[in-house]
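Containing compact mmCIF, C-alpha atoms: protein_35.txt.
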# COMPACT_ATOMS: atom_id res chain seq x y z
CA MET A 1 24.38 111.96 -49.80
CA SER A 2 27.18 110.57 -51.94
CA SER A 3 26.73 111.21 -55.66
CA GLY A 4 29.33 108.86 -57.08
CA ILE A 5 28.74 106.08 -59.59
CA ARG A 6 29.58 102.41 -59.12
CA PHE A 7 29.49 99.63 -61.69
CA ASP A 8 29.48 96.25 -59.96
CA GLY A 9 30.22 93.51 -62.50
CA VAL A 10 27.94 95.10 -65.11
CA SER A 11 27.49 93.17 -68.36
CA VAL A 12 25.24 93.89 -71.32
CA ALA A 13 24.53 91.37 -74.07
CA TYR A 14 22.35 91.36 -77.14
CA GLY A 15 21.71 87.75 -77.99
CA ASP A 16 25.10 86.03 -78.19
CA THR A 17 26.99 89.33 -78.50
CA THR A 18 28.47 90.83 -75.34
CA VAL A 19 28.84 94.60 -75.69
CA LEU A 20 29.91 95.25 -72.08
CA ASP A 21 31.77 92.58 -70.18
CA ALA A 22 31.76 92.51 -66.36
CA LEU A 23 32.58 96.18 -65.80
CA THR A 24 33.59 97.01 -62.24
CA LEU A 25 34.45 100.68 -61.81
CA THR A 26 33.84 103.48 -59.30
CA VAL A 27 33.47 107.18 -60.06
CA GLU A 28 34.01 109.13 -56.85
CA THR A 29 31.83 112.03 -55.72
CA GLY A 30 32.89 115.16 -57.61
CA GLU A 31 35.18 113.25 -59.96
CA VAL A 32 35.33 113.54 -63.75
CA MET A 33 35.82 110.05 -65.16
CA ALA A 34 36.40 109.75 -68.89
CA LEU A 35 35.47 106.52 -70.64
CA LEU A 36 37.94 106.47 -73.53
CA GLY A 37 38.01 103.95 -76.34
CA PRO A 38 37.34 103.27 -80.02
CA SER A 39 33.90 102.72 -81.51
CA GLY A 40 32.39 99.49 -80.25
CA SER A 41 34.49 99.40 -77.09
CA GLY A 42 31.48 99.47 -74.74
CA LYS A 43 31.91 102.99 -73.38
CA THR A 44 28.55 104.40 -74.53
CA THR A 45 26.78 101.23 -73.39
CA ALA A 46 28.28 101.73 -69.92
CA LEU A 47 27.01 105.31 -69.81
CA ARG A 48 23.55 104.26 -70.97
CA THR A 49 23.31 101.71 -68.15
CA VAL A 50 23.81 104.57 -65.69
CA ALA A 51 21.19 106.65 -67.51
CA GLY A 52 18.71 103.77 -67.37
CA PHE A 53 18.35 103.39 -71.13
CA VAL A 54 20.05 99.98 -71.17
CA ARG A 55 19.24 97.13 -68.83
CA PRO A 56 22.28 95.09 -67.65
CA SER A 57 22.17 91.36 -68.28
CA ALA A 58 24.29 90.95 -65.13
CA GLY A 59 25.61 93.16 -62.33
CA ARG A 60 24.29 96.25 -60.56
CA VAL A 61 24.58 100.02 -61.03
CA TYR A 62 24.73 102.39 -58.05
CA ILE A 63 24.43 106.17 -57.81
CA GLY A 64 25.67 107.14 -54.41
CA ASP A 65 24.32 104.58 -51.98
CA ARG A 66 21.27 103.77 -54.13
CA ASP A 67 20.98 100.71 -56.32
CA VAL A 68 19.40 102.27 -59.40
CA THR A 69 19.54 99.22 -61.66
CA ASP A 70 15.77 98.80 -61.61
CA LEU A 71 14.82 102.50 -61.51
CA PRO A 72 13.50 104.38 -64.57
CA PRO A 73 15.71 107.20 -65.89
CA TYR A 74 13.64 110.04 -64.42
CA LYS A 75 14.10 108.70 -60.87
CA ARG A 76 17.91 108.51 -61.02
CA GLY A 77 18.77 112.18 -60.48
CA ILE A 78 20.93 112.44 -63.59
CA GLY A 79 21.54 115.06 -66.26
CA MET A 80 22.59 113.93 -69.71
CA VAL A 81 24.11 115.68 -72.73
CA VAL A 82 24.44 113.88 -76.06
CA GLN A 83 26.37 114.58 -79.25
CA GLN A 84 23.57 116.09 -81.33
CA TYR A 85 22.19 118.51 -78.69
CA ALA A 86 18.60 117.10 -78.87
CA LEU A 87 17.02 120.53 -78.42
CA PHE A 88 13.37 121.08 -79.28
CA PRO A 89 13.45 123.36 -82.36
CA HIS A 90 10.01 124.90 -81.70
CA LEU A 91 10.89 125.95 -78.13
CA ARG A 92 12.93 128.98 -77.10
CA VAL A 93 16.21 128.50 -75.25
CA ASP A 94 14.63 129.18 -71.84
CA GLU A 95 11.79 126.77 -72.63
CA ASN A 96 14.27 124.05 -73.62
CA VAL A 97 16.16 124.51 -70.35
CA ALA A 98 12.93 124.42 -68.35
CA PHE A 99 11.74 121.20 -69.97
CA GLY A 100 13.33 118.82 -67.46
CA LEU A 101 12.08 120.84 -64.50
CA ARG A 102 8.53 120.80 -65.82
CA ALA A 103 8.73 117.08 -66.60
CA ARG A 104 9.71 116.48 -62.97
CA LYS A 105 6.74 118.57 -61.72
CA HIS A 106 9.04 121.18 -60.18
CA PRO A 107 7.15 124.08 -58.54
CA LYS A 108 6.26 126.54 -61.32
CA ALA A 109 7.25 129.58 -59.28
CA GLU A 110 10.84 128.31 -58.93
CA ILE A 111 11.43 127.35 -62.57
CA PRO A 112 12.37 130.80 -64.00
CA ALA A 113 15.11 131.30 -61.38
CA ARG A 114 16.51 127.81 -61.97
CA VAL A 115 16.53 128.37 -65.74
CA ALA A 116 18.26 131.75 -65.39
CA GLU A 117 20.86 130.22 -63.06
CA ALA A 118 21.69 127.41 -65.49
CA LEU A 119 21.90 129.77 -68.47
CA GLU A 120 24.19 132.16 -66.63
CA MET A 121 26.40 129.26 -65.56
CA THR A 122 26.86 128.27 -69.21
CA GLY A 123 27.22 131.82 -70.51
CA MET A 124 23.90 131.75 -72.37
CA GLY A 125 21.85 134.17 -70.28
CA ALA A 126 21.60 136.72 -73.11
CA TYR A 127 20.13 134.12 -75.49
CA ALA A 128 17.13 132.99 -73.44
CA ARG A 129 14.51 134.23 -75.92
CA ARG A 130 16.12 132.80 -79.05
CA HIS A 131 15.29 129.55 -80.83
CA PRO A 132 17.90 126.84 -81.47
CA ARG A 133 18.03 127.67 -85.19
CA GLU A 134 19.34 131.14 -84.25
CA LEU A 135 22.35 129.69 -82.40
CA SER A 136 25.71 128.30 -83.45
CA GLY A 137 26.60 124.67 -82.78
CA GLY A 138 28.65 125.61 -79.73
CA GLN A 139 25.83 127.74 -78.35
CA GLN A 140 23.33 124.93 -78.86
CA GLN A 141 25.59 122.58 -76.93
CA ARG A 142 25.80 125.12 -74.08
CA VAL A 143 22.00 125.16 -73.97
CA ALA A 144 21.94 121.35 -73.81
CA ILE A 145 24.38 121.48 -70.88
CA ALA A 146 22.28 124.17 -69.18
CA ARG A 147 19.19 121.97 -69.52
CA ALA A 148 21.05 119.09 -67.88
CA LEU A 149 22.29 121.33 -65.05
CA ALA A 150 18.93 122.99 -64.37
CA ILE A 151 17.63 119.92 -62.54
CA ARG A 152 20.72 120.07 -60.26
CA PRO A 153 21.71 116.46 -60.93
CA ASP A 154 23.84 114.29 -58.67
CA VAL A 155 25.43 112.84 -61.80
CA LEU A 156 26.13 114.43 -65.17
CA LEU A 157 26.50 112.12 -68.17
CA LEU A 158 28.25 113.49 -71.28
CA ASP A 159 28.14 111.28 -74.37
CA GLU A 160 30.61 112.56 -77.01
CA PRO A 161 29.32 116.10 -76.32
CA LEU A 162 31.92 117.92 -78.43
CA SER A 163 32.38 115.61 -81.40
CA ALA A 164 30.03 117.64 -83.65
CA LEU A 165 32.00 120.86 -83.06
CA ASP A 166 34.99 122.15 -85.00
CA ALA A 167 38.44 122.19 -83.40
CA GLN A 168 38.31 125.81 -82.18
CA LEU A 169 34.84 125.47 -80.64
CA ARG A 170 35.84 122.16 -79.08
CA SER A 171 38.81 123.80 -77.36
CA GLY A 172 36.62 126.55 -75.97
CA MET A 173 33.97 124.13 -74.75
CA LEU A 174 36.61 122.04 -72.99
CA ALA A 175 37.62 125.12 -71.04
CA GLU A 176 33.97 125.82 -70.20
CA LEU A 177 33.40 122.25 -69.01
CA ALA A 178 36.50 122.49 -66.81
CA ARG A 179 35.15 125.73 -65.32
CA LEU A 180 31.74 124.16 -64.70
CA HIS A 181 33.42 121.26 -62.92
CA ARG A 182 35.13 123.71 -60.57
CA GLU A 183 31.80 125.41 -59.87
CA LEU A 184 29.99 122.09 -59.24
CA PRO A 185 32.45 120.23 -57.00
CA ASP A 186 29.91 117.66 -55.76
CA VAL A 187 28.60 116.55 -59.16
CA SER A 188 30.10 113.33 -60.51
CA ILE A 189 30.72 113.45 -64.26
CA LEU A 190 30.97 110.45 -66.57
CA TYR A 191 32.38 111.62 -69.91
CA VAL A 192 32.36 109.32 -72.94
CA THR A 193 34.81 110.14 -75.73
CA HIS A 194 37.07 108.62 -78.35
CA ASP A 195 39.21 111.79 -78.33
CA GLN A 196 42.33 111.39 -76.20
CA VAL A 197 42.88 115.18 -75.98
CA GLU A 198 39.44 115.67 -74.41
CA ALA A 199 40.10 112.89 -71.90
CA LEU A 200 43.61 114.10 -71.01
CA THR A 201 42.41 117.71 -70.65
CA LEU A 202 39.25 117.26 -68.61
CA ALA A 203 39.34 113.99 -66.66
CA ASP A 204 40.57 113.34 -63.15
CA ARG A 205 40.87 109.68 -64.18
CA ILE A 206 40.50 107.83 -67.46
CA ALA A 207 39.01 104.36 -67.90
CA VAL A 208 40.34 102.88 -71.15
CA MET A 209 37.86 100.56 -72.89
CA ASP A 210 38.36 98.09 -75.74
CA ARG A 211 36.41 95.07 -77.00
CA ALA A 212 33.69 95.51 -74.35
CA ARG A 213 36.17 95.37 -71.48
CA LEU A 214 37.94 97.76 -69.14
CA GLN A 215 41.61 97.66 -70.17
CA ASP A 216 43.18 100.19 -67.81
CA CYS A 217 42.28 102.96 -65.38
CA GLY A 218 44.30 105.76 -63.84
CA THR A 219 45.05 109.46 -63.86
CA PRO A 220 45.92 111.00 -67.23
CA GLN A 221 49.54 111.35 -66.11
CA GLU A 222 49.76 107.72 -65.01
CA LEU A 223 48.34 106.35 -68.23
CA TYR A 224 50.46 108.61 -70.42
CA ARG A 225 53.77 108.28 -68.61
CA ARG A 226 53.50 104.70 -67.37
CA PRO A 227 50.94 102.77 -69.45
CA ARG A 228 50.25 99.23 -68.31
CA THR A 229 49.32 97.72 -71.68
CA GLU A 230 50.21 98.16 -75.33
CA PHE A 231 46.64 99.23 -76.08
CA THR A 232 46.77 101.98 -73.46
CA ALA A 233 50.14 103.15 -74.73
CA SER A 234 48.87 103.41 -78.30
CA PHE A 235 45.45 104.90 -77.52
CA VAL A 236 46.38 107.42 -74.81
CA GLY A 237 48.80 109.62 -76.71
CA ASN A 238 51.16 108.54 -79.47
CA ALA A 239 53.86 105.98 -78.84
CA ASN A 240 56.75 104.06 -80.32
CA LEU A 241 56.07 100.42 -79.49
CA LEU A 242 59.31 98.60 -80.22
CA PRO A 243 59.72 94.80 -80.07
CA VAL A 244 62.64 93.95 -77.79
CA ARG A 245 64.28 90.97 -76.12
CA VAL A 246 64.92 91.29 -72.40
CA GLY A 247 68.52 90.86 -71.26
CA ALA A 248 70.18 90.71 -67.87
CA ASP A 249 70.96 94.44 -67.91
CA GLY A 250 68.53 96.03 -70.37
CA VAL A 251 66.98 95.03 -73.69
CA ASP A 252 68.02 94.33 -77.25
CA PHE A 253 66.26 96.21 -80.06
CA ALA A 254 67.22 95.43 -83.66
CA GLY A 255 70.69 94.38 -82.54
CA THR A 256 71.28 97.43 -80.32
CA ALA A 257 71.61 97.11 -76.53
CA LEU A 258 69.47 99.63 -74.67
CA LYS A 259 69.40 100.57 -71.01
CA VAL A 260 65.84 100.82 -69.68
CA PRO A 261 64.18 100.39 -66.27
CA ALA A 262 63.61 96.77 -65.39
CA GLY A 263 60.09 95.49 -65.92
CA ASP A 264 58.43 92.24 -64.87
CA ALA A 265 59.67 90.33 -67.93
CA ALA A 266 62.29 87.64 -67.29
CA PRO A 267 65.63 87.66 -69.13
CA GLY A 268 65.22 86.17 -72.59
CA ALA A 269 61.53 87.06 -72.80
CA ALA A 270 59.99 89.05 -75.63
CA ALA A 271 58.64 92.42 -74.58
CA THR A 272 57.55 95.79 -75.97
CA LEU A 273 59.38 99.03 -75.27
CA CYS A 274 57.19 102.16 -75.15
CA VAL A 275 58.82 105.53 -75.86
CA ARG A 276 56.82 108.68 -76.60
CA PRO A 277 57.95 110.42 -79.84
CA HIS A 278 58.48 113.81 -78.17
CA LEU A 279 61.00 112.18 -75.81
CA VAL A 280 63.15 110.95 -78.70
CA GLY A 281 65.92 113.43 -79.55
CA LEU A 282 68.25 114.00 -82.47
CA GLY A 283 71.98 113.34 -82.18
CA ASP A 284 74.17 111.31 -79.86
CA GLY A 285 73.08 110.51 -76.34
CA PRO A 286 71.98 107.63 -74.15
CA ASN A 287 70.31 104.73 -75.95
CA ALA A 288 71.52 105.88 -79.36
CA LEU A 289 69.81 104.41 -82.43
CA ARG A 290 71.21 104.72 -85.96
CA GLY A 291 68.79 104.67 -88.86
CA ARG A 292 67.75 106.25 -92.15
CA ILE A 293 64.99 108.80 -92.61
CA ALA A 294 61.96 107.19 -94.24
CA GLU A 295 59.48 110.08 -93.97
CA VAL A 296 59.32 113.69 -92.71
CA GLN A 297 56.09 115.45 -91.72
CA TRP A 298 55.91 119.17 -90.96
CA ARG A 299 53.49 119.88 -88.09
CA GLY A 300 53.92 123.60 -87.58
CA ALA A 301 56.09 124.00 -84.50
CA THR A 302 57.55 120.50 -84.91
CA HIS A 303 58.69 118.01 -87.49
CA ARG A 304 57.87 114.34 -87.11
CA LEU A 305 60.65 112.12 -88.35
CA TYR A 306 60.05 108.48 -89.25
CA VAL A 307 63.37 106.70 -89.07
CA ASP A 308 64.02 103.14 -90.24
CA VAL A 309 66.05 101.37 -87.56
CA GLY A 310 66.75 97.73 -88.35
CA GLY A 311 63.50 97.37 -90.29
CA HIS A 312 61.38 99.14 -87.65
CA ARG A 313 60.04 102.68 -87.90
CA VAL A 314 60.89 104.93 -84.96
CA LYS A 315 59.01 108.23 -84.61
CA ALA A 316 60.68 111.37 -83.27
CA ASP A 317 58.91 114.70 -82.75
CA VAL A 318 61.56 117.43 -82.85
CA ARG A 319 61.46 121.21 -82.89
CA GLU A 320 60.86 122.59 -86.37
CA LEU A 321 63.98 122.11 -88.48
CA ARG A 322 65.31 124.94 -90.64
CA ASP A 323 66.64 122.46 -93.18
CA THR A 324 64.57 119.34 -93.69
CA PRO A 325 66.85 116.30 -93.94
CA PRO A 326 66.51 114.34 -97.20
CA LEU A 327 64.92 110.90 -97.28
CA GLY A 328 67.48 108.16 -96.89
CA GLN A 329 69.89 110.27 -94.85
CA GLU A 330 71.45 108.41 -91.93
CA ILE A 331 70.88 110.02 -88.54
CA THR A 332 71.16 109.19 -84.86
CA LEU A 333 68.29 109.26 -82.38
CA HIS A 334 68.46 108.85 -78.63
CA PHE A 335 66.23 108.71 -75.55
CA ALA A 336 66.81 108.70 -71.80
CA PRO A 337 66.40 105.36 -69.97
CA GLU A 338 63.86 106.87 -67.58
CA ASP A 339 61.64 107.94 -70.50
CA ALA A 340 61.01 104.34 -71.60
CA VAL A 341 58.47 101.85 -70.25
CA LEU A 342 58.91 98.12 -70.66
CA LEU A 343 55.65 96.25 -71.34
CA ALA A 344 55.30 92.51 -71.26
CA ALA A 345 54.47 91.34 -74.80
CA GLY A 346 50.79 90.54 -75.34
CA VAL A 347 49.51 92.32 -72.22
CA ASN A 348 46.45 93.96 -73.69
CA ASP A 349 43.55 93.38 -71.36
CA GLY A 350 42.61 94.18 -67.82

Taking this structure as input, can you express it in the form of C-alpha cells?
Amino acid sequence: MSSGIRFDGVSVAYGDTTVLDALTLTVETGEVMALLGPSGSGKTTALRTVAGFVRPSAGRVYIGDRDVTDLPPYKRGIGMVVQQYALFPHLRVDENVAFGLRARKHPKAEIPARVAEALEMTGMGAYARRHPRELSGGQQQRVAIARALAIRPDVLLLDEPLSALDAQLRSGMLAELARLHRELPDVSILYVTHDQVEALTLADRIAVMDRARLQDCGTPQELYRRPRTEFTASFVGNANLLPVRVGADGVDFAGTALKVPAGDAAPGAAATLCVRPHLVGLGDGPNALRGRIAEVQWRGATHRLYVDVGGHRVKADVRELRDTPPLGQEITLHFAPEDAVLLAAGVNDG
C-alpha cells in the first residue's frame, strides 16, 4: 500500500485568522519532504493536520490511498518526533520505546524484539536500561526517534527535531537521519524546520512556506540555483537581491549594464537579480561592478565583503584574504551571466 501524504486544498483557521491557506502538496512514498519557513508560516500546522491533532476547516488529508481527515491520530499509522523529546522521565529507555506498541495493543511477546530493533537502528541498543535523565540531549532525541520507528509507521513526522541540540550534535543527527532514510526506503517523511541547512542536507524536496501559504516547491538544487521568487531566494541560502531594469539585451543595475539570462520580464520592466554571494568574485571579469568596501566579516575559511555599489550593498564570499582590505577601498567584483537568476519584481507567492 502506498504510504505517501497528500494535502488536497487543506486550510486551517482559528476564528478570522487563517493559519494554513489552501495547501495542495504531495509527498511521494519514500520521499523526505521538508516544510521550510519562518515562525508563523503554517508549516507546523500542516504537519499537525497529518498527525490528526488539528482539524482542517477545508480540504482533505490522505495517507496513501486513505482519507484520514476524520480518523483519530492512533489510527493513522504515523510516528512523530517533536522538538522537546517528550520522553517519560520515570520510564527506562526500552519502556519509552515500547509505549506506542503497548498503546496499540501489540502482542506482548513481540514487543521486546521490536524495541531492540528500533534501538539498534538508532544506535541506542546499549542504553536500553537507562532513564532519560542519564542521557544527553542527542541520545534522548535518538530514543524519541526509536519510539516513533518501533510501530513501523507508514509516515514519519519530524517537527523541528534538532532545534534543541547544539551545532555539533545537530550535524551528527542529520547524518543519522539520512542513514535511517536509506534503511527505511518505503517510509514517507515530513520534516518541519526553519533551518535551511537541515532542509538542504536531508530533503529530497523542499516546500517553502510563508504567511500560511505554499510559496515554492522543488529539489534543494532547484530552489537554490534557480529560485522562483524573492522569498525563496532569500530564505533558501543567502542571496544578493539587486533591483534592476530590464533592457533589450540584459539589465541595468545602478547605472551598469549587465549580461544575464533572459527572464519573463519585458524590456523596461523592473525586476530583481539574484546572485549567490559565493558566486561573486574579486577582480575584473564578466559583469564587473565597481564599489567601495563598507564592511568585512571574517568567517574562518572565507571573508564576506559588503561592497557599496551605487548605493546598494553587494555581498561577496571570497577565500580567506591574507590582507584584509580597509573600509572605503575601491574594488571590483564580477559574476558570470549563468550564475544570475532574473526574478520578476514582486513575485513572492505561489

One decimal place gives the atom CA of Ala262 of chain A-atom CA of Lys315 of chain A separation as 22.8 Å

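Here the question is which of A:Val93, A:Ser11, A:Leu156, A:Ala301 gets nearest to Gly125 of chain A using only C-alpha atoms, and that residue is A:Val93.
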
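Take the candidates A:Thr324, A:Thr302, A:Thr201, A:Gln83 and check each one against Met33 of chain A using all atoms listed in the file; the shortest distance goes to A:Thr201.
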
Do a neighbour search on segment 35-44 of chain A at 8 Å with only C-alpha atoms, toss out local chain neighbours closer than 2 positions, and write the hits as a PyMOL selection string. chain A and resi 19-20+33+46-48+159+190-196+199+206-213+235

Store the residues picked out above, limited to C-alpha atoms, as a compact mmCIF listing (two decimals), in the frame of the given file.
# COMPACT_ATOMS: atom_id res chain seq x y z
CA VAL A 19 28.84 94.60 -75.69
CA LEU A 20 29.91 95.25 -72.08
CA MET A 33 35.82 110.05 -65.16
CA ALA A 46 28.28 101.73 -69.92
CA LEU A 47 27.01 105.31 -69.81
CA ARG A 48 23.55 104.26 -70.97
CA ASP A 159 28.14 111.28 -74.37
CA LEU A 190 30.97 110.45 -66.57
CA TYR A 191 32.38 111.62 -69.91
CA VAL A 192 32.36 109.32 -72.94
CA THR A 193 34.81 110.14 -75.73
CA HIS A 194 37.07 108.62 -78.35
CA ASP A 195 39.21 111.79 -78.33
CA GLN A 196 42.33 111.39 -76.20
CA ALA A 199 40.10 112.89 -71.90
CA ILE A 206 40.50 107.83 -67.46
CA ALA A 207 39.01 104.36 -67.90
CA VAL A 208 40.34 102.88 -71.15
CA MET A 209 37.86 100.56 -72.89
CA ASP A 210 38.36 98.09 -75.74
CA ARG A 211 36.41 95.07 -77.00
CA ALA A 212 33.69 95.51 -74.35
CA ARG A 213 36.17 95.37 -71.48
CA PHE A 235 45.45 104.90 -77.52

- Message: I want to know what sits within 8 Å of Gly247 of chain A, based on only C-alpha atoms, with residues of the same chain fewer than 4 positions away left out; could you give that as a PyMOL selection string?
- Response: chain A and resi 251-252+267-268

Please save C-alpha atoms of the selected residues as an mmCIF file, in the coordinates of the input.
data_model
loop_
_atom_site.group_PDB
_atom_site.id
_atom_site.type_symbol
_atom_site.label_atom_id
_atom_site.label_comp_id
_atom_site.auth_asym_id
_atom_site.auth_seq_id
_atom_site.Cartn_x
_atom_site.Cartn_y
_atom_site.Cartn_z
ATOM 1 C CA VAL A 251 66.980 95.030 -73.690
ATOM 2 C CA ASP A 252 68.020 94.330 -77.250
ATOM 3 C CA PRO A 267 65.630 87.660 -69.130
ATOM 4 C CA GLY A 268 65.220 86.170 -72.590
#

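The residue that comes closest to Ala167 of chain A, out of A:His106, A:Ala340, A:Glu198, A:Arg147 and on the basis of all atoms listed in the file, is A:Glu198.
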
Of A:Thr122, A:Asn96, A:Asn287, A:Ser188, the one nearest to Arg6 of chain A when counting all atoms listed in the file is A:Ser188

Residues at most 8 Å from Leu87 of chain A, counting all atoms listed in the file, excluding those fewer than 2 positions away in the same chain, as a CSV table (one decimal) with C-alpha atoms, in the frame of the given file?
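Listing of selection-v2.csv after writing:
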chain,number,residue,atom,x,y,z
A,85,TYR,CA,22.2,118.5,-78.7
A,89,PRO,CA,13.4,123.4,-82.4
A,96,ASN,CA,14.3,124.0,-73.6
A,132,PRO,CA,17.9,126.8,-81.5
A,140,GLN,CA,23.3,124.9,-78.9
A,144,ALA,CA,21.9,121.4,-73.8

note - atom CA of Ala22 of chain A and atom CA of Val61 of chain A are separated by 11.7 Å

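Each of A:Glu110, A:Phe53, A:Gln141, A:Asp339 was checked against Ala86 of chain A using all atoms listed in the file; the smallest atom-to-atom distance is that of A:Gln141.
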
Discussion item. Please report the interatomic distance between atom CA of Thr26 of chain A and atom CA of Leu343 of chain A in Å with one decimal.
Written reply: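 The value is 25.9 Å.
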
| message | Env of Arg114 of chain A: 12 Å cut, atoms = only C-alpha atoms, seq-sep filter 5 positions within chain, self excluded. Answer as number ranges by chain. | response | A: 94-95, 97-102, 106-109, 119-121, 125, 146-152

Go ahead and save the picked residues with C-alpha atoms, as a compact mmCIF listing (two decimals), in the frame of the given file.
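Wrote selection37.txt, looks like this:
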# COMPACT_ATOMS: atom_id res chain seq x y z
CA ASP A 94 14.63 129.18 -71.84
CA GLU A 95 11.79 126.77 -72.63
CA VAL A 97 16.16 124.51 -70.35
CA ALA A 98 12.93 124.42 -68.35
CA PHE A 99 11.74 121.20 -69.97
CA GLY A 100 13.33 118.82 -67.46
CA LEU A 101 12.08 120.84 -64.50
CA ARG A 102 8.53 120.80 -65.82
CA HIS A 106 9.04 121.18 -60.18
CA PRO A 107 7.15 124.08 -58.54
CA LYS A 108 6.26 126.54 -61.32
CA ALA A 109 7.25 129.58 -59.28
CA LEU A 119 21.90 129.77 -68.47
CA GLU A 120 24.19 132.16 -66.63
CA MET A 121 26.40 129.26 -65.56
CA GLY A 125 21.85 134.17 -70.28
CA ALA A 146 22.28 124.17 -69.18
CA ARG A 147 19.19 121.97 -69.52
CA ALA A 148 21.05 119.09 -67.88
CA LEU A 149 22.29 121.33 -65.05
CA ALA A 150 18.93 122.99 -64.37
CA ILE A 151 17.63 119.92 -62.54
CA ARG A 152 20.72 120.07 -60.26
